file final-v7.txt (compact mmCIF, C-alpha atoms)
# COMPACT_ATOMS: atom_id res chain seq x y z
CA MET A 1 0.00 0.00 0.00
CA ASN A 2 1.51 3.38 -0.98
CA ILE A 3 1.87 6.34 1.39
CA ALA A 4 -1.10 8.27 -0.05
CA ALA A 5 -3.40 5.28 0.35
CA ARG A 6 -2.25 4.72 3.93
CA ALA A 7 -2.80 8.38 4.76
CA GLY A 8 -6.29 8.24 3.30
CA GLN A 9 -7.10 5.11 5.29
CA LEU A 10 -5.84 6.76 8.49
CA LEU A 11 -7.95 9.87 7.94
CA ARG A 12 -11.03 7.72 7.37
CA GLY A 13 -10.53 5.96 10.72
CA SER A 14 -13.09 6.81 13.41
CA THR A 15 -10.49 7.75 16.03
CA VAL A 16 -8.76 10.27 13.76
CA GLN A 17 -12.10 11.70 12.61
CA ASN A 18 -13.21 12.13 16.21
CA LEU A 19 -9.88 13.72 17.09
CA LEU A 20 -10.32 16.24 14.28
CA ALA A 21 -13.89 16.88 15.40
CA LEU A 22 -12.76 17.51 18.96
CA TYR A 23 -10.17 19.94 17.70
CA GLY A 24 -13.09 21.76 16.11
CA VAL A 25 -14.94 21.81 19.44
CA GLN A 26 -11.77 22.95 21.22
CA PHE A 27 -11.36 25.71 18.67
CA ALA A 28 -14.95 26.82 19.26
CA ASN A 29 -14.93 26.65 23.06
CA TYR A 30 -11.44 27.89 23.86
CA LEU A 31 -9.63 29.42 20.92
CA LEU A 32 -12.49 31.40 19.39
CA PRO A 33 -13.02 33.34 22.66
CA LEU A 34 -9.30 34.16 22.54
CA LEU A 35 -9.94 35.96 19.26
CA THR A 36 -12.15 38.40 21.17
CA LEU A 37 -9.56 38.87 23.91
CA PRO A 38 -7.55 41.70 22.24
CA TYR A 39 -10.78 43.54 21.42
CA LEU A 40 -12.43 43.12 24.84
CA ALA A 41 -9.24 43.90 26.76
CA ARG A 42 -9.06 47.25 25.00
CA VAL A 43 -12.77 48.12 24.85
CA LEU A 44 -13.60 47.16 28.44
CA GLY A 45 -10.26 48.13 30.00
CA PRO A 46 -8.58 46.28 32.88
CA GLU A 47 -11.37 47.15 35.34
CA GLY A 48 -14.26 46.07 33.09
CA TRP A 49 -12.54 43.04 31.66
CA GLY A 50 -11.45 41.98 35.13
CA SER A 51 -15.10 42.08 36.24
CA VAL A 52 -16.06 39.87 33.28
CA ALA A 53 -13.27 37.44 34.18
CA ILE A 54 -14.45 37.19 37.80
CA VAL A 55 -18.05 36.45 36.79
CA GLN A 56 -16.94 34.04 34.09
CA SER A 57 -14.79 32.16 36.60
CA PHE A 58 -17.77 31.91 38.94
CA ALA A 59 -19.94 30.78 36.02
CA GLN A 60 -17.43 28.02 35.32
CA TYR A 61 -18.00 26.79 38.86
CA LEU A 62 -21.73 26.69 38.12
CA SER A 63 -21.21 24.87 34.83
CA LEU A 64 -19.16 22.24 36.67
CA LEU A 65 -22.02 21.79 39.12
CA VAL A 66 -24.60 21.35 36.36
CA GLU A 67 -22.32 19.24 34.15
CA TYR A 68 -21.58 17.08 37.23
CA GLY A 69 -18.71 15.19 35.65
CA PHE A 70 -21.04 13.57 33.10
CA ASN A 71 -18.57 14.40 30.33
CA LEU A 72 -16.43 11.67 31.89
CA SER A 73 -18.79 9.33 33.75
CA ALA A 74 -21.58 9.28 31.15
CA THR A 75 -19.09 9.12 28.28
CA ARG A 76 -17.62 6.02 29.89
CA GLU A 77 -21.08 4.44 30.24
CA VAL A 78 -22.06 5.21 26.64
CA ALA A 79 -18.77 3.73 25.44
CA ARG A 80 -19.52 0.53 27.37
CA TYR A 81 -23.15 0.18 26.21
CA ARG A 82 -22.99 1.76 22.77
CA THR A 83 -24.90 -1.12 21.13
CA ASP A 84 -27.72 -1.18 23.71
CA GLN A 85 -30.38 1.33 22.59
CA THR A 86 -32.49 0.88 25.72
CA LYS A 87 -29.54 1.59 28.00
CA LEU A 88 -28.52 4.61 25.92
CA ALA A 89 -32.04 6.07 26.13
CA GLU A 90 -31.99 5.57 29.90
CA LEU A 91 -28.60 7.25 30.21
CA LEU A 92 -29.70 10.24 28.13
CA ALA A 93 -32.92 10.68 30.14
CA GLY A 94 -31.18 10.30 33.48
CA VAL A 95 -28.38 12.75 32.72
CA SER A 96 -30.78 15.36 31.27
CA GLY A 97 -33.08 15.13 34.28
CA ALA A 98 -30.17 15.38 36.69
CA LYS A 99 -28.83 18.47 34.91
CA LEU A 100 -32.22 20.18 35.17
CA ILE A 101 -32.26 19.70 38.96
CA LEU A 102 -28.66 20.86 39.25
CA ALA A 103 -29.39 23.96 37.15
CA LEU A 104 -32.11 25.01 39.60
CA LEU A 105 -29.65 24.50 42.45
CA ALA A 106 -27.08 26.65 40.62
CA ILE A 107 -29.57 29.51 40.27
CA LEU A 108 -30.40 29.41 43.97
CA LEU A 109 -26.71 29.32 44.88
CA THR A 110 -26.03 32.35 42.69
CA PHE A 111 -28.76 34.39 44.35
CA LEU A 112 -27.38 33.65 47.81
CA LEU A 113 -23.74 34.39 46.91
CA SER A 114 -24.64 37.64 45.14
CA LEU A 115 -25.77 38.97 48.52
CA TRP A 116 -22.36 38.25 50.04
CA VAL A 117 -19.64 38.65 47.37
CA ASP A 118 -19.27 42.28 46.31
CA ASN A 119 -17.55 41.52 42.99
CA LEU A 120 -20.59 39.41 42.00
CA GLY A 121 -23.46 41.53 43.30
CA ARG A 122 -22.29 44.88 41.93
CA ASN A 123 -23.40 44.15 38.33
CA PRO A 124 -26.56 41.97 38.21
CA PRO A 125 -26.91 41.94 34.37
CA LEU A 126 -23.35 40.65 34.07
CA LEU A 127 -23.85 38.06 36.82
CA TRP A 128 -27.07 36.58 35.43
CA SER A 129 -25.70 36.59 31.89
CA GLY A 130 -22.88 34.47 33.28
CA VAL A 131 -25.38 32.09 34.89
CA PHE A 132 -27.25 31.78 31.57
CA TRP A 133 -24.02 30.96 29.76
CA ALA A 134 -22.97 28.40 32.40
CA VAL A 135 -26.26 26.49 32.32
CA ALA A 136 -26.55 26.54 28.53
CA TRP A 137 -23.00 25.27 28.09
CA ALA A 138 -23.39 22.56 30.74
CA PHE A 139 -26.46 21.09 28.99
CA SER A 140 -24.44 20.10 25.94
CA PRO A 141 -24.84 16.34 25.25
CA ILE A 142 -21.44 16.08 23.64
CA TRP A 143 -20.70 13.28 26.14
CA PHE A 144 -23.31 11.14 24.35
CA PHE A 145 -21.74 11.49 20.92
CA GLN A 146 -18.24 11.24 22.33
CA GLY A 147 -19.07 7.88 23.90
CA LEU A 148 -20.40 6.70 20.53
CA GLU A 149 -17.27 8.13 18.86
CA ARG A 150 -19.42 10.09 16.39
CA LEU A 151 -18.60 13.75 16.88
CA ARG A 152 -18.41 15.38 13.47
CA LEU A 153 -21.96 16.75 13.37
CA VAL A 154 -21.87 18.11 16.93
CA ALA A 155 -18.43 19.63 16.34
CA GLY A 156 -19.68 21.48 13.28
CA LEU A 157 -22.62 22.81 15.28
CA GLU A 158 -20.33 24.01 18.09
CA VAL A 159 -18.01 25.82 15.69
CA GLY A 160 -20.87 27.44 13.75
CA THR A 161 -22.72 28.81 16.77
CA LYS A 162 -19.54 30.06 18.45
CA LEU A 163 -18.54 31.87 15.26
CA ALA A 164 -21.92 33.58 15.25
CA SER A 165 -21.47 34.74 18.86
CA LEU A 166 -17.98 36.01 18.00
CA ILE A 167 -19.37 38.19 15.23
CA LEU A 168 -22.13 39.52 17.48
CA ILE A 169 -19.65 40.41 20.23
CA PHE A 170 -17.59 42.49 17.82
CA ALA A 171 -20.77 44.18 16.57
CA LEU A 172 -22.56 44.86 19.86
CA VAL A 173 -19.90 45.29 22.59
CA ARG A 174 -18.67 48.86 22.23
CA GLU A 175 -18.01 50.24 25.74
CA PRO A 176 -17.46 49.07 29.36
CA SER A 177 -21.21 49.16 30.09
CA ASP A 178 -21.69 46.45 27.44
CA ALA A 179 -19.72 43.90 29.49
CA TRP A 180 -22.84 41.82 30.24
CA LYS A 181 -23.42 41.28 26.52
CA VAL A 182 -20.23 39.21 26.24
CA LEU A 183 -21.51 36.37 28.41
CA PHE A 184 -25.11 36.73 27.24
CA LEU A 185 -24.15 36.28 23.59
CA GLN A 186 -21.91 33.34 24.44
CA GLY A 187 -24.86 31.88 26.34
CA LEU A 188 -27.13 32.24 23.32
CA SER A 189 -24.72 30.32 21.11
CA SER A 190 -24.33 27.57 23.74
CA ALA A 191 -28.11 27.32 24.18
CA LEU A 192 -28.60 26.89 20.44
CA ALA A 193 -25.83 24.30 20.14
CA SER A 194 -26.98 22.33 23.19
CA GLY A 195 -30.63 22.40 22.12
CA LEU A 196 -29.98 21.09 18.62
CA ALA A 197 -27.52 18.46 19.84
CA LEU A 198 -30.06 17.21 22.40
CA PHE A 199 -32.66 16.97 19.64
CA TRP A 200 -30.29 14.81 17.56
CA ALA A 201 -29.43 12.65 20.57
CA TYR A 202 -33.10 11.97 21.38
CA ARG A 203 -33.80 11.25 17.73
CA GLU A 204 -31.01 8.67 17.88
CA VAL A 205 -32.39 6.64 20.81
CA GLY A 206 -35.96 7.89 21.28
CA PHE A 207 -37.38 10.15 23.97
CA ARG A 208 -37.88 8.78 27.46
CA TRP A 209 -39.15 10.52 30.59
CA ALA A 210 -36.59 10.77 33.35
CA GLY A 211 -38.13 9.05 36.35
CA TRP A 212 -36.70 9.72 39.78
CA HIS A 213 -34.96 6.36 39.91
CA ILE A 214 -33.18 7.08 36.59
CA VAL A 215 -32.13 10.56 37.72
CA LEU A 216 -30.87 9.30 41.06
CA GLU A 217 -28.92 6.53 39.33
CA ALA A 218 -27.28 9.10 37.05
CA LEU A 219 -26.33 11.24 40.04
CA ARG A 220 -25.01 8.22 41.92
CA SER A 221 -22.91 6.92 39.05
CA GLY A 222 -21.50 10.37 38.31
CA TRP A 223 -20.75 11.29 41.92
CA SER A 224 -17.11 10.20 42.07
CA LEU A 225 -16.19 12.05 38.88
CA PHE A 226 -18.21 15.11 39.94
CA PHE A 227 -16.20 15.04 43.15
CA PHE A 228 -13.04 14.92 41.03
CA ARG A 229 -14.16 17.82 38.80
CA ALA A 230 -15.20 19.90 41.82
CA ALA A 231 -11.85 19.27 43.52
CA VAL A 232 -9.98 20.12 40.31
CA SER A 233 -11.91 23.40 40.05
CA LEU A 234 -10.45 24.48 43.39
CA TYR A 235 -7.05 24.83 41.73
CA THR A 236 -7.95 25.44 38.06
CA VAL A 237 -11.03 27.35 36.85
CA GLY A 238 -11.76 28.88 40.25
CA ASN A 239 -8.47 30.70 40.76
CA VAL A 240 -9.67 33.87 39.06
CA PHE A 241 -12.73 33.89 41.32
CA ILE A 242 -10.60 33.20 44.43
CA LEU A 243 -8.23 36.01 43.47
CA GLY A 244 -11.23 38.33 43.03
CA LEU A 245 -12.11 37.81 46.69
CA PHE A 246 -8.83 39.49 47.71
CA VAL A 247 -7.79 42.05 45.07
CA ALA A 248 -9.23 44.70 42.76
CA PRO A 249 -10.62 43.72 39.31
CA HIS A 250 -7.70 45.29 37.39
CA LEU A 251 -5.23 42.97 39.17
CA VAL A 252 -7.54 40.06 38.40
CA ALA A 253 -7.39 41.12 34.75
CA TYR A 254 -3.60 40.77 34.69
CA TYR A 255 -3.75 37.25 36.10
CA ALA A 256 -6.77 36.16 34.02
CA GLY A 257 -5.14 37.40 30.84
CA ALA A 258 -1.89 35.57 31.59
CA GLU A 259 -3.72 32.37 32.52
CA ARG A 260 -5.91 32.32 29.42
CA LEU A 261 -3.07 33.06 27.04
CA THR A 262 -0.85 30.41 28.66
CA LYS A 263 -3.47 27.69 28.78
CA ALA A 264 -4.40 28.34 25.15
CA PHE A 265 -1.27 26.35 24.29
CA LEU A 266 -2.46 23.51 26.49
CA GLY A 267 -5.84 23.65 24.80
CA MET A 268 -4.26 22.23 21.67
CA LEU A 269 -3.65 18.98 23.59
CA GLU A 270 -7.13 18.68 25.13
CA PRO A 271 -8.71 16.95 22.08
CA LEU A 272 -6.17 14.14 22.53
CA ASN A 273 -7.38 13.84 26.11
CA ARG A 274 -11.04 13.59 25.15
CA THR A 275 -10.57 11.42 22.07
CA PHE A 276 -8.59 8.65 23.71
CA PHE A 277 -10.53 8.48 27.00
CA PRO A 278 -13.47 6.45 25.57
CA ARG A 279 -11.02 4.35 23.53
CA LEU A 280 -8.92 3.55 26.60
CA SER A 281 -12.07 2.82 28.66
CA HIS A 282 -13.13 0.33 26.00
CA LEU A 283 -9.70 -1.30 25.65
CA ALA A 284 -9.22 -1.54 29.42
CA ARG A 285 -12.23 -3.83 29.52
CA TYR A 286 -11.21 -6.12 26.66
CA SER A 287 -7.43 -5.87 26.14
CA MET A 288 -5.28 -4.45 28.92
CA ARG A 289 -2.09 -4.89 26.92
CA ASP A 290 -3.44 -2.77 24.05
CA ALA A 291 -4.77 -0.19 26.52
CA ALA A 292 -1.36 0.10 28.22
CA TRP A 293 0.41 0.42 24.86
CA LEU A 294 -1.92 3.24 23.76
CA ALA A 295 -1.74 5.03 27.13
CA SER A 296 2.07 5.01 27.10
CA ARG A 297 2.17 6.53 23.62
CA VAL A 298 -0.40 9.22 24.43
CA THR A 299 1.45 10.14 27.64
CA VAL A 300 4.71 10.69 25.75
CA VAL A 301 3.04 12.78 23.05
CA MET A 302 1.16 14.96 25.53
CA GLY A 303 4.21 15.42 27.74
CA LEU A 304 6.38 16.54 24.82
CA GLY A 305 3.62 18.82 23.58
CA GLY A 306 3.33 20.46 26.99
CA LEU A 307 7.10 20.96 27.20
CA ILE A 308 7.23 22.59 23.77
CA GLY A 309 4.32 24.85 24.70
CA ALA A 310 6.07 25.92 27.94
CA CYS A 311 9.22 26.92 26.05
CA LEU A 312 7.22 28.96 23.55
CA VAL A 313 5.30 30.77 26.30
CA ALA A 314 8.46 31.59 28.27
CA ILE A 315 10.18 33.04 25.20
CA LEU A 316 7.26 34.88 23.62
CA ALA A 317 5.35 36.14 26.69
CA PRO A 318 6.09 39.90 26.36
CA TRP A 319 5.21 39.94 22.67
CA ILE A 320 2.06 37.86 23.20
CA VAL A 321 0.83 40.23 25.92
CA LYS A 322 1.58 43.31 23.86
CA LEU A 323 -0.14 41.91 20.78
CA LEU A 324 -3.23 40.32 22.37
CA LEU A 325 -3.88 42.39 25.50
CA GLY A 326 -2.36 45.73 24.58
CA THR A 327 -1.18 48.73 26.59
CA GLY A 328 -1.90 48.62 30.29
CA TYR A 329 -1.51 44.83 30.66
CA GLU A 330 2.29 44.65 30.82
CA PRO A 331 2.28 43.00 34.32
CA ALA A 332 0.72 39.92 32.69
CA ALA A 333 3.98 38.97 30.91
CA PRO A 334 5.96 37.88 34.03
CA LEU A 335 2.88 35.93 35.13
CA MET A 336 2.85 34.04 31.83
CA ARG A 337 6.44 32.96 32.36
CA ILE A 338 5.58 31.56 35.78
CA LEU A 339 2.44 29.85 34.49
CA ALA A 340 4.34 28.29 31.56
CA LEU A 341 5.50 25.62 34.03
CA LEU A 342 1.90 24.42 34.16
CA LEU A 343 1.88 23.12 30.61
CA PRO A 344 4.02 19.96 30.88
CA MET A 345 2.64 19.25 34.37
CA ILE A 346 -1.01 19.42 33.30
CA ALA A 347 -0.33 17.45 30.12
CA LEU A 348 1.19 14.58 32.11
CA SER A 349 -1.44 14.63 34.87
CA ASN A 350 -4.22 14.53 32.27
CA ALA A 351 -2.66 11.65 30.39
CA LEU A 352 -1.86 9.52 33.44
CA GLY A 353 -4.74 10.66 35.62
CA ILE A 354 -7.87 11.38 33.60
CA GLN A 355 -7.15 9.03 30.73
CA TRP A 356 -5.34 6.15 32.42
CA MET A 357 -6.45 6.00 36.06
CA LEU A 358 -10.11 6.65 35.26
CA ALA A 359 -10.06 4.14 32.40
CA LEU A 360 -8.81 1.58 34.92
CA GLY A 361 -11.58 2.53 37.35
CA LEU A 362 -9.12 4.01 39.86
CA ASP A 363 -11.52 6.84 40.69
CA ARG A 364 -10.94 6.77 44.44
CA PRO A 365 -7.12 7.18 44.60
CA PHE A 366 -7.30 9.73 41.81
CA ASN A 367 -9.91 11.72 43.74
CA VAL A 368 -7.76 11.59 46.86
CA VAL A 369 -4.86 13.23 45.01
CA ILE A 370 -7.17 15.85 43.47
CA LEU A 371 -8.90 16.66 46.75
CA MET A 372 -5.57 17.09 48.51
CA ALA A 373 -4.48 19.40 45.69
CA GLY A 374 -7.65 21.48 45.98
CA LEU A 375 -7.18 21.91 49.72
CA LEU A 376 -3.50 22.73 49.19
CA ASN A 377 -4.49 25.35 46.64
CA LEU A 378 -6.87 27.06 49.07
CA GLY A 379 -4.31 26.96 51.87
CA LEU A 380 -1.50 28.39 49.75
CA ALA A 381 -3.84 31.05 48.30
CA LEU A 382 -4.75 32.25 51.80
CA VAL A 383 -1.05 32.61 52.58
CA LEU A 384 0.43 33.95 49.34
CA VAL A 385 -2.32 36.01 47.68
CA PRO A 386 -2.74 38.57 50.51
CA ARG A 387 1.05 39.10 50.42
CA LEU A 388 1.87 38.82 46.71
CA ALA A 389 -1.57 39.43 45.09
CA HIS A 390 -1.78 38.16 41.48
CA VAL A 391 1.86 37.02 41.44
CA GLY A 392 1.19 34.90 44.53
CA MET A 393 -1.71 33.18 42.76
CA ALA A 394 0.58 32.26 39.86
CA TYR A 395 3.03 30.61 42.26
CA VAL A 396 0.17 28.80 43.99
CA VAL A 397 -1.21 27.13 40.87
CA VAL A 398 2.24 25.98 39.69
CA LEU A 399 3.11 24.45 43.07
CA VAL A 400 -0.24 22.67 43.23
CA GLU A 401 0.05 21.24 39.73
CA VAL A 402 3.52 19.87 40.53
CA PHE A 403 1.93 18.16 43.55
CA VAL A 404 -0.84 16.63 41.39
CA THR A 405 1.50 15.23 38.76
CA GLY A 406 3.91 13.90 41.38
CA GLY A 407 1.09 12.32 43.39
CA ILE A 408 -0.35 10.51 40.37
CA LEU A 409 3.04 9.19 39.27
CA PHE A 410 3.89 8.06 42.80
CA TYR A 411 0.63 6.13 43.23
CA LEU A 412 0.86 4.42 39.85
CA TRP A 413 4.51 3.47 40.34
CA ARG A 414 4.02 2.12 43.88
CA SER A 415 1.01 0.04 42.79
CA GLY A 416 2.72 -1.21 39.62
CA LYS A 417 0.05 0.34 37.38
CA THR A 418 1.91 2.78 35.18
CA PRO A 419 1.24 2.02 31.49
CA TRP A 420 4.83 0.83 31.07
CA GLN A 421 4.67 -1.52 34.07
CA MET A 422 1.35 -2.98 32.94
CA ARG A 423 2.68 -3.54 29.42
CA ARG A 424 5.45 -5.65 30.88
CA ASN A 425 3.08 -7.50 33.21
CA THR A 426 0.69 -8.44 30.39
CA ALA A 427 3.35 -9.32 27.81
call {"tool": "encode", "arguments": {"input": "final-v7.txt", "output": "structure tokens"}}
result
Amino acid sequence: MNIAARAGQLLRGSTVQNLLALYGVQFANYLLPLLTLPYLARVLGPEGWGSVAIVQSFAQYLSLLVEYGFNLSATREVARYRTDQTKLAELLAGVSGAKLILALLAILLTFLLSLWVDNLGRNPPLLWSGVFWAVAWAFSPIWFFQGLERLRLVAGLEVGTKLASLILIFALVREPSDAWKVLFLQGLSSALASGLALFWAYREVGFRWAGWHIVLEALRSGWSLFFFRAAVSLYTVGNVFILGLFVAPHLVAYYAGAERLTKAFLGMLEPLNRTFFPRLSHLARYSMRDAAWLASRVTVVMGLGGLIGACLVAILAPWIVKLLLGTGYEPAAPLMRILALLLPMIALSNALGIQWMLALGLDRPFNVVILMAGLLNLGLALVLVPRLAHVGMAYVVVLVEVFVTGGILFYLWRSGKTPWQMRRNTA
């Protein structure tokens, strides 16, 4: 077979097609918003954009509550029962019903916190636009199609709706008072994408009412991975919100800008994470040797990708800040160089933790490491942020991520369950 034929056969494979589709989703969810960053940073200014970043960080907490880890737990279940239409219909009904209950809880929680946290309650239109965006995004049934390894249609929908919101943001956000429109327009695009994707999912397996027993089963089965996602949020998506509890919005803007620009490099590796998780979950059930072989390869690729990204960020930070954030955001450049250390650490912890440990069903030890990291993050933040402000937060997240990666490696090595050890044991 010649090279061209082999390349064509590879591109027609379901795994590669799903990887490309997930890169489309990643582009829509993470990289497209970065295209608005230079515009919003200048139009809203550090104060206004910092306020948006605080609310958006809080909204990400809400989306994690509503999403409840189903993007991992339900994906794993769909991958296991992909040929059982009755089971798939039950999973879809249970997850949708659970998300509806969790969305109501998120709204109540927002109302209560807005009475206490000044940086949330000072701009109600911005706050509730953030809640709308969080709920709409969390209702996406991409987990269903990811488990089936059929993502092309949903990916196209995500990209199309996010492009529309991007255009509307450029057209309608003109001054600092328009800050609420940013999250509202992003919420509209997410609501459209989630609604159409849910329609396609129900058309696939048929509509079924979510009885209480189905909803409770979905919540029970997703609990351990929700616990993991909630613990992770303590040292990832929530750091902007935590920082906003201590410092003024313009200092939050420096940190949020540095974090988003740095993690944009890591975002290029996330589709690998999401593509191979259902594949590894499937292989771990039927062929442990093949699963270990694939996990070892993915770990090496992601680790090298993270290292290359860190070098690029460290070298290019001042130019990236000047180009994408503009005048007034110069303090973000040193923060980017500190945060660059996150990239190889997160790449390795995702490959060995999310993909490998969860595929093996090692939810409990993984959650222990993550919970300890979340508590460590809060403790270090209470010590360093009041003294070093936004710079202290950058040091905190790097130290915590080193702890996570080291903890995962130590557990796997001591238990003889690294991919390389298991390849030897099953040879």
call {"tool": "closest_residue", "arguments": {"input": "final-v7.txt", "among": "A:Gly416, A:Gly407, A:Pro386, A:Gly392", "to": "Pro365 of chain A", "atoms": "only C-alpha atoms"}}
result
A:Gly407
call {"tool": "atom_distance", "arguments": {"input": "final-v7.txt", "atom1": "atom CA of Leu304 of chain A", "atom2": "atom CA of Phe70 of chain A"}}
result
28.8 Å
call {"tool": "closest_residue", "arguments": {"input": "final-v7.txt", "among": "A:Leu91, A:Ala373, A:Ala59, A:Val385", "to": "Arg208 of chain A", "atoms": "all atoms listed in the file"}}
result
A:Leu91
call {"tool": "residues_near_point", "arguments": {"input": "final-v7.txt", "point": "(-5.5, 20.9, 33.1)", "cutoff": "8 Å", "atoms": "all atoms listed in the file", "output": "list in words"}}
result
Thr236, Leu266, Ile346, Ala347, Ser349 and Asn350 of chain A
call {"tool": "closest_residue", "arguments": {"input": "final-v7.txt", "among": "A:Glu401, A:Glu158, A:Glu217, A:Glu204", "to": "Ser189 of chain A", "atoms": "all atoms listed in the file"}}
result
A:Glu158
call {"tool": "residues_near_point", "arguments": {"input": "final-v7.txt", "point": "(-17.2, 5.1, 26.0)", "cutoff": "7 Å", "atoms": "only C-alpha atoms", "output": "VMD selection string"}}
result
chain A and resid 75 to 80 147 to 148 278 to 279 281 to 282
call {"tool": "write_last_selection", "arguments": {"input": "final-v7.txt", "atoms": "C-alpha atoms", "output": "PDB file, in the frame of the given file"}}
result
ATOM      1  CA  THR A  75     -19.090   9.120  28.280  1.00  0.00           C
ATOM      2  CA  ARG A  76     -17.620   6.020  29.890  1.00  0.00           C
ATOM      3  CA  GLU A  77     -21.080   4.440  30.240  1.00  0.00           C
ATOM      4  CA  VAL A  78     -22.060   5.210  26.640  1.00  0.00           C
ATOM      5  CA  ALA A  79     -18.770   3.730  25.440  1.00  0.00           C
ATOM      6  CA  ARG A  80     -19.520   0.530  27.370  1.00  0.00           C
ATOM      7  CA  GLY A 147     -19.070   7.880  23.900  1.00  0.00           C
ATOM      8  CA  LEU A 148     -20.400   6.700  20.530  1.00  0.00           C
ATOM      9  CA  PRO A 278     -13.470   6.450  25.570  1.00  0.00           C
ATOM     10  CA  ARG A 279     -11.020   4.350  23.530  1.00  0.00           C
ATOM     11  CA  SER A 281     -12.070   2.820  28.660  1.00  0.00           C
ATOM     12  CA  HIS A 282     -13.130   0.330  26.000  1.00  0.00           C
TER      13      HIS A 282
END
call {"tool": "closest_residue", "arguments": {"input": "final-v7.txt", "among": "A:Ala258, A:Ser129, A:Ala340, A:Thr36", "to": "Ala171 of chain A", "atoms": "all atoms listed in the file"}}
result
A:Thr36
call {"tool": "closest_residue", "arguments": {"input": "final-v7.txt", "among": "A:Ala314, A:Leu352, A:Val402, A:Leu92", "to": "Met302 of chain A", "atoms": "all atoms listed in the file"}}
result
A:Leu352
call {"tool": "atom_distance", "arguments": {"input": "final-v7.txt", "atom1": "atom CA of Ala253 of chain A", "atom2": "atom CA of Phe170 of chain A"}}
result
19.8 Å
call {"tool": "residues_around", "arguments": {"input": "final-v7.txt", "residues": "Pro124 of chain A", "least_positions_apart": "4", "cutoff": "9 Å", "atoms": "all atoms listed in the file", "output": "PyMOL selection string"}}
result
chain A and resi 114+120+128-129+180
call {"tool": "closest_residue", "arguments": {"input": "final-v7.txt", "among": "A:Gly50, A:His390, A:Val397, A:Leu65", "to": "Phe227 of chain A", "atoms": "only C-alpha atoms"}}
result
A:Leu65
call {"tool": "atom_distance", "arguments": {"input": "final-v7.txt", "atom1": "atom CA of Val154 of chain A", "atom2": "atom CA of Leu127 of chain A"}}
result
28.2 Å
call {"tool": "residues_around", "arguments": {"input": "final-v7.txt", "residues": "Gly406 of chain A", "least_positions_apart": "6", "cutoff": "12 Å", "atoms": "only C-alpha atoms", "output": "list in words"}}
result
Met345, Ile346, Leu348, Ser349, Leu352, Gly353, Phe366, Val369, Ile370, Ala373, Leu399, Val400, Leu412 and Trp413 of chain A
call {"tool": "residues_around", "arguments": {"input": "final-v7.txt", "residues": "Leu339 of chain A", "least_positions_apart": "4", "cutoff": "7 Å", "atoms": "all atoms listed in the file", "output": "number ranges by chain"}}
result
A: 259, 262, 335, 394, 398
call {"tool": "write_last_selection", "arguments": {"input": "final-v7.txt", "atoms": "C-alpha atoms", "output": "PDB file, in the coordinates of the input"}}
result
ATOM      1  CA  GLU A 259      -3.720  32.370  32.520  1.00  0.00           C
ATOM      2  CA  THR A 262      -0.850  30.410  28.660  1.00  0.00           C
ATOM      3  CA  LEU A 335       2.880  35.930  35.130  1.00  0.00           C
ATOM      4  CA  ALA A 394       0.580  32.260  39.860  1.00  0.00           C
ATOM      5  CA  VAL A 398       2.240  25.980  39.690  1.00  0.00           C
TER       6      VAL A 398
END
call {"tool": "residues_around", "arguments": {"input": "final-v7.txt", "residues": "Val301 of chain A", "least_positions_apart": "2", "cutoff": "12 Å", "atoms": "only C-alpha atoms", "output": "list in words"}}
result
Leu269, Glu270, Leu272, Asn273, Leu294, Ala295, Ser296, Arg297, Val298, Thr299, Gly303, Leu304, Gly305, Gly306, Leu307, Ile308, Pro344, Ala347, Leu348, Asn350, Ala351 and Leu352 of chain A
call {"tool": "write_last_selection", "arguments": {"input": "final-v7.txt", "atoms": "C-alpha atoms", "output": "short mmCIF file (atom, residue, chain, number, x, y, z; two decimals), keeping the file's coordinate frame"}}
result
data_model
loop_
_atom_site.label_atom_id
_atom_site.label_comp_id
_atom_site.auth_asym_id
_atom_site.auth_seq_id
_atom_site.Cartn_x
_atom_site.Cartn_y
_atom_site.Cartn_z
CA LEU A 269 -3.65 18.98 23.59
CA GLU A 270 -7.13 18.68 25.13
CA LEU A 272 -6.17 14.14 22.53
CA ASN A 273 -7.38 13.84 26.11
CA LEU A 294 -1.92 3.24 23.76
CA ALA A 295 -1.74 5.03 27.13
CA SER A 296 2.07 5.01 27.10
CA ARG A 297 2.17 6.53 23.62
CA VAL A 298 -0.40 9.22 24.43
CA THR A 299 1.45 10.14 27.64
CA GLY A 303 4.21 15.42 27.74
CA LEU A 304 6.38 16.54 24.82
CA GLY A 305 3.62 18.82 23.58
CA GLY A 306 3.33 20.46 26.99
CA LEU A 307 7.10 20.96 27.20
CA ILE A 308 7.23 22.59 23.77
CA PRO A 344 4.02 19.96 30.88
CA ALA A 347 -0.33 17.45 30.12
CA LEU A 348 1.19 14.58 32.11
CA ASN A 350 -4.22 14.53 32.27
CA ALA A 351 -2.66 11.65 30.39
CA LEU A 352 -1.86 9.52 33.44
#
call {"tool": "residues_around", "arguments": {"input": "final-v7.txt", "residues": "Ala210 of chain A", "least_positions_apart": "4", "cutoff": "12 Å", "atoms": "only C-alpha atoms", "output": "tab-separated table (two decimals) with C-alpha atoms, in the frame of the given file"}}
result
chain	number	residue	atom	x	y	z
A	89	ALA	CA	-32.04	6.07	26.13
A	90	GLU	CA	-31.99	5.57	29.90
A	91	LEU	CA	-28.60	7.25	30.21
A	92	LEU	CA	-29.70	10.24	28.13
A	93	ALA	CA	-32.92	10.68	30.14
A	94	GLY	CA	-31.18	10.30	33.48
A	95	VAL	CA	-28.38	12.75	32.72
A	96	SER	CA	-30.78	15.36	31.27
A	97	GLY	CA	-33.08	15.13	34.28
A	98	ALA	CA	-30.17	15.38	36.69
A	99	LYS	CA	-28.83	18.47	34.91
A	100	LEU	CA	-32.22	20.18	35.17
A	101	ILE	CA	-32.26	19.70	38.96
A	214	ILE	CA	-33.18	7.08	36.59
A	215	VAL	CA	-32.13	10.56	37.72
A	216	LEU	CA	-30.87	9.30	41.06
A	217	GLU	CA	-28.92	6.53	39.33
A	218	ALA	CA	-27.28	9.10	37.05
